[in-house]
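Asker: I have a structure here, written as structure tokens, and I will follow up with some questions on it.
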Amino acid sequence: MHHLLNADLHSHSTLSDGTLEPEALARRAADNGVELWALTDHDELGGQARAAAAAQAAGIAWLGGVEISVTFAGETVHVVGLGVDAADAALQAGLARTREGRLQRAREMAEGLAKVGLKGAYEGALAYVHNPDLVARTHFARWLVDTGVCRDNGEVFRRYLVEGKPGYVPHRWAGLGETVRWIRGAGGVAVIAHPGRYKFTPTEEYALFSEFKAHGGEGVEVLTGSHGTADVTKYTQMAKEFDLAASRGSDFHGPGESRIDLGDLPDLPGGLQPVWERLQHRIRQPAPTA
Ligand code: AMP
Ligand code: MN
Ligand code: MN
Ligand code: MN
């Protein structure tokens with residue numbers, strides 16, 4: 001039973017590393033009771049117009065969205081931009097630059113995997129890619145599962161795709177400050193994605209939140225597919241301490257792959273400002289039905 005709006009502000013389509021097209025995602029969101037939805041493909045706005053139209057057709061409210069890859073303190077951090085205008089030139093240019101190098105990185109990942117006997121990973125992973133600009137580790141994971149090398153994506157990442165493993169290639173993504181500026185410049189609100197997933201020391205994490213806030217960041221995901229109850233408690237506190245609005249998003253990538261389905265999260269804890277309250281003017285409401 002939801003007392004607040006059932007908002008799902010984090011999801012992926014075939015325009016990045018999700019397995020459903022934007023239209024299928026919108027329908028699934030509506031079927032699952034989502035009332036406000038955002039498609040947040042990695043470093044990519046190519047699905048936004050389709051998502052807006054599909055949300056309209058499915059009768060649900062919609063916000064523009066993107067999930068930007070950032071390098072902070074030598075680690076990859078994800079920043080979700082909500083309410084962004086997909087036509088914004090500076091945001092588009094920043095994302096184009098952030099996407100650059102993904103293909104070269106994929107070739108190097110495949111070389112690393114070949115050294116441990118896994119041949120053909122580049123072609124293998126590319127067969128799962130719909131958007132040639134956006135080959136992600138997820139596509140390698142699907143290939144390694146479907147060829148029987150690993151049982152699931154989690155095993156692939158643990159054995160092959162994280163730091164220190166044969167398919168891991170360090171990569172430099174966008175800067176934190178420029179990312180927040182691109183999002184704000186495009187009319188959006190910047191949100192730290194799934195903070196519970198980063199391997200920061202407390203000092204580094206404090207620096208992330210402080211610098212994010214200083215750059216004009218306004219929100220943090222408190223509820224997301226990868227957060228356990230301890231994470232929810234911790235980031236509820238952090239949101240209050242840093243005066244950040246709270247977001248809620250499944251981070252759905254596809255049926256059978258994501259732990260949490262679209263719309264399948266509890267209400268935000270009390271005492272937090274839902275991030276969508278800061279985005280009322282950016283929400284596209286569905287057309288009233290006749
Ligand atoms: P990339 O942007 O190419 O580095 O790929 C990052 C994506 O890999 C994330 O957005 C997730 O979809 C996926 N991913 C990262 N870590 C894991 C994990 N431990 N298990 C499953 N998927 C993961
Ligand atoms: Mn992903
Ligand atoms: Mn992410
Ligand atoms: Mn995501």
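Each chain in the structure tokens gets a letter, A, B, ..., in the order shown, and its residues are numbered from 1; ligands are numbered from 1 in order too.
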For ligand 1, return the neighbouring residues as a ChimeraX atom specification (distance at most 9 Å; only C-alpha atoms and all ligand atoms).
Answerer: /A:12,16-18,41-43,67,69,76,78,102,105-106,134-141,152-158,161-162,171,197,251-253,257-258
Asker: From region 191-267 of chain A, collect each residue whose DSSP state is alpha helix (DSSP H) and return the set as a PyMOL selection string.
Answerer: chain A and resi 202-214+229-241
Asker: Show me, as a tab-separated table (two decimals) with C-alpha atoms, in the first residue's frame, the residues that have an atom within 12 Å of Ser13 (chain A) when counting only C-alpha atoms, minus same-chain residues fewer than 4 positions from it.
Answerer:
```tsv
chain	number	residue	atom	x	y	z
A	17	ASP	CA	22.25	-1.75	-20.92
A	18	GLY	CA	18.60	-2.62	-20.31
A	19	THR	CA	16.90	-5.43	-22.23
A	20	LEU	CA	13.51	-3.77	-22.90
A	21	GLU	CA	12.69	-1.02	-25.40
A	22	PRO	CA	11.43	2.26	-23.87
A	23	GLU	CA	7.85	1.45	-24.94
A	24	ALA	CA	7.88	-1.93	-23.19
A	25	LEU	CA	9.34	-0.33	-20.05
A	26	ALA	CA	6.60	2.31	-19.95
A	28	ARG	CA	5.50	-2.49	-17.61
A	38	ALA	CA	11.91	8.25	-15.56
A	39	LEU	CA	14.08	6.39	-18.06
A	40	THR	CA	17.70	6.97	-16.98
A	41	ASP	CA	19.94	5.33	-19.57
A	42	HIS	CA	23.69	5.46	-18.96
A	44	GLU	CA	22.53	8.59	-23.23
A	45	LEU	CA	19.41	10.62	-24.06
A	46	GLY	CA	18.43	8.75	-27.25
A	47	GLY	CA	15.46	7.05	-25.58
A	48	GLN	CA	13.91	10.16	-24.02
A	50	ARG	CA	10.25	7.57	-27.07
A	51	ALA	CA	9.92	7.32	-23.28
A	65	GLY	CA	16.29	11.36	-17.04
A	66	VAL	CA	19.85	10.19	-17.49
A	67	GLU	CA	22.46	8.36	-15.39
A	129	VAL	CA	24.36	-4.22	-27.80
A	130	HIS	CA	21.52	-2.24	-29.40
A	131	ASN	CA	23.24	1.15	-29.21
A	134	LEU	CA	26.94	2.25	-25.37
A	251	ASP	CA	17.39	0.59	-11.35
A	252	PHE	CA	15.47	-1.99	-13.39
A	253	HIS	CA	17.49	-3.45	-16.32
A	254	GLY	CA	15.16	-6.22	-17.48
A	255	PRO	CA	12.97	-9.14	-16.46
```
Asker: Restricting the calculation to only C-alpha atoms, which member of A:Asn6, A:Thr203, A:Ser226, A:Ser11 is positioned closest to Val80 (chain A)?
Answerer: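 Selected residue with least distance to Val80 (chain A): A:Ser11.
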Asker: Please identify which residues in region 178-246 of chain A DSSP calls strand (DSSP E or B) from the backbone, and express them as a PyMOL selection string.
Answerer: chain A and resi 189-192+219-224+245-246
Asker: If you keep C-alpha atoms, can you produce a file of those selected residues as a CSV table (one decimal), in the first residue's frame?
Answerer:
```csv
chain,number,residue,atom,x,y,z
A,189,VAL,CA,18.1,18.0,-10.5
A,190,ALA,CA,21.3,16.0,-9.8
A,191,VAL,CA,21.0,12.9,-7.6
A,192,ILE,CA,23.7,10.6,-6.2
A,219,GLY,CA,19.4,14.7,-4.2
A,220,VAL,CA,20.4,11.2,-3.2
A,221,GLU,CA,18.8,7.8,-3.9
A,222,VAL,CA,17.6,6.5,-0.6
A,223,LEU,CA,15.5,3.7,-2.1
A,224,THR,CA,17.0,1.7,-5.0
A,245,ALA,CA,16.1,15.5,-1.3
A,246,ALA,CA,15.4,11.8,-1.5
```
Asker: Could you please determine the separation between CA of Lys199 (chain A) and CA of Thr179 (chain A) in Å, to one decimal place?
Answerer: 20.6 Å
Asker: Mind giving me the straight-line distance from CA of Glu204 (chain A) to CA of Asp243 (chain A) in Å, one decimal?
Answerer: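 If I compute the distance from CA of Glu204 (chain A) to CA of Asp243 (chain A), I get 18.5 Å.
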Asker: If we count only C-alpha atoms, what is near region 275-287 of chain A at a cut-off of 9 Å, once residues fewer than 6 positions away on the same chain are taken out, given as a PyMOL selection string?
Answerer: chain A and resi 7+36+52+55-64+82-85+187-189+191+218-220+244-248
Asker: Determine the nearest neighbour of ligand 3 from the options A:Thr236, A:Gly249, A:Arg184, A:Asp264, counting only C-alpha atoms and all ligand atoms.
Answerer: A:Gly249
